[in-house]
Amino acid sequence: MFTRTSSAIAAVALLTLAACKDKVETKADVAAIKRGEEARAAAEGRIPCAIGGKGDFTLVCTIERQQTQDGLILTIRHPDGGFHRLRVTTDGRGVIAADGAIAAAVSVIDKDAIEVALEDARYRLPATVRGRK
């Protein structure tokens with residue numbers, strides 16, 4: 001038996017399905033959302049990092065900047081209390097380990113970003129990447 005209540009429920013179901021269709025995100029939408037999240041995180045002093053050899057980057061590390069007689073020092077703090085200190089260079093290398101015997105491996109990942117690997121941690125940092133000759 002088809003009643004008015006059944007018709008109303010069917011109409012609501014169709015409207016719900018139509019609303020869900022509008023919420024499907026494209027790759028461009030997802031990328032824009034990610035850029036917005038990263039911009040908000042950067043404003044809060046957080047950067048993308050992968051700690052402990054894990055492959056997934058999350059916005060849980062914080063960065064502090066301190067100008068010293070040796071140049072700009074970046075202290076990147078992990079949520080577990082660990083940290084690394086990096087010194088910003090002016091010779092084109094980007095950053096180097098500010099202390100310790102382990103060298104930082106720097107690679108360009110975008111026109112305005114680098115990835116720094118140090119021990120079992122990786123960080124994505126904003127950077128001014130000059131053109132290569």
# chains A, B, ... in the order shown; residues from 1 in each chain; ligands from 1
call {"tool": "residues_around", "arguments": {"residues": "Glu37 of chain A", "least_positions_apart": "5", "cutoff": "12 Å", "atoms": "only C-alpha atoms", "output": "MDAnalysis selection string"}}
result
chainID A and resid 30:32 42:44 46:48 58:59
call {"tool": "write_last_selection", "arguments": {"atoms": "N, CA and C atoms", "output": "mmCIF file, in the first residue's frame"}}
result
data_model
loop_
_atom_site.group_PDB
_atom_site.id
_atom_site.type_symbol
_atom_site.label_atom_id
_atom_site.label_comp_id
_atom_site.auth_asym_id
_atom_site.auth_seq_id
_atom_site.Cartn_x
_atom_site.Cartn_y
_atom_site.Cartn_z
ATOM 1 N N VAL A 30 40.214 18.459 -2.924
ATOM 2 C CA VAL A 30 41.021 17.871 -1.852
ATOM 3 C C VAL A 30 42.345 18.612 -1.721
ATOM 4 N N ALA A 31 42.977 18.955 -2.849
ATOM 5 C CA ALA A 31 44.248 19.685 -2.821
ATOM 6 C C ALA A 31 44.062 21.073 -2.211
ATOM 7 N N ALA A 32 42.957 21.737 -2.549
ATOM 8 C CA ALA A 32 42.683 23.064 -1.994
ATOM 9 C C ALA A 32 42.449 22.993 -0.493
ATOM 10 N N ALA A 42 50.673 26.433 9.364
ATOM 11 C CA ALA A 42 51.878 27.260 9.317
ATOM 12 C C ALA A 42 51.695 28.527 10.141
ATOM 13 N N ALA A 43 50.511 29.104 10.076
ATOM 14 C CA ALA A 43 50.231 30.297 10.874
ATOM 15 C C ALA A 43 50.295 29.983 12.368
ATOM 16 N N GLU A 44 50.018 28.747 12.730
ATOM 17 C CA GLU A 44 50.062 28.317 14.135
ATOM 18 C C GLU A 44 51.441 27.776 14.513
ATOM 19 N N ARG A 46 52.978 25.130 13.016
ATOM 20 C CA ARG A 46 53.073 23.674 12.808
ATOM 21 C C ARG A 46 53.516 23.397 11.381
ATOM 22 N N ILE A 47 54.256 22.296 11.211
ATOM 23 C CA ILE A 47 54.726 21.902 9.882
ATOM 24 C C ILE A 47 54.439 20.417 9.660
ATOM 25 N N PRO A 48 54.367 19.991 8.393
ATOM 26 C CA PRO A 48 54.208 18.564 8.117
ATOM 27 C C PRO A 48 55.489 17.805 8.474
ATOM 28 N N THR A 58 52.124 14.299 8.943
ATOM 29 C CA THR A 58 51.022 14.906 9.694
ATOM 30 C C THR A 58 51.478 16.279 10.169
ATOM 31 N N LEU A 59 50.531 17.117 10.527
ATOM 32 C CA LEU A 59 50.835 18.482 10.956
ATOM 33 C C LEU A 59 50.959 18.560 12.472
#
call {"tool": "residues_around", "arguments": {"residues": "Asp112 of chain A", "least_positions_apart": "5", "cutoff": "12 Å", "atoms": "only C-alpha atoms", "output": "list in words"}}
result
Gly94, Ser107, Arg124, Leu125, Pro126, Ala127, Thr128, Val129, Arg130 and Gly131 of chain A
call {"tool": "atom_distance", "arguments": {"atom1": "atom CA of Ile51 of chain A", "atom2": "atom CA of Gln69 of chain A"}}
result
29.6 Å
call {"tool": "atom_distance", "arguments": {"atom1": "atom CA of Thr62 of chain A", "atom2": "atom CA of Gly45 of chain A"}}
result
5.4 Å
call {"tool": "residues_around", "arguments": {"residues": "Gly82 of chain A", "least_positions_apart": "5", "cutoff": "10 Å", "atoms": "only C-alpha atoms", "output": "VMD selection string"}}
result
chain A and resid 51 61 76 to 77
call {"tool": "closest_residue", "arguments": {"among": "A:Cys49, A:Gln66, A:Asp91, A:His84", "to": "Glu119 of chain A", "atoms": "only C-alpha atoms"}}
result
A:His84
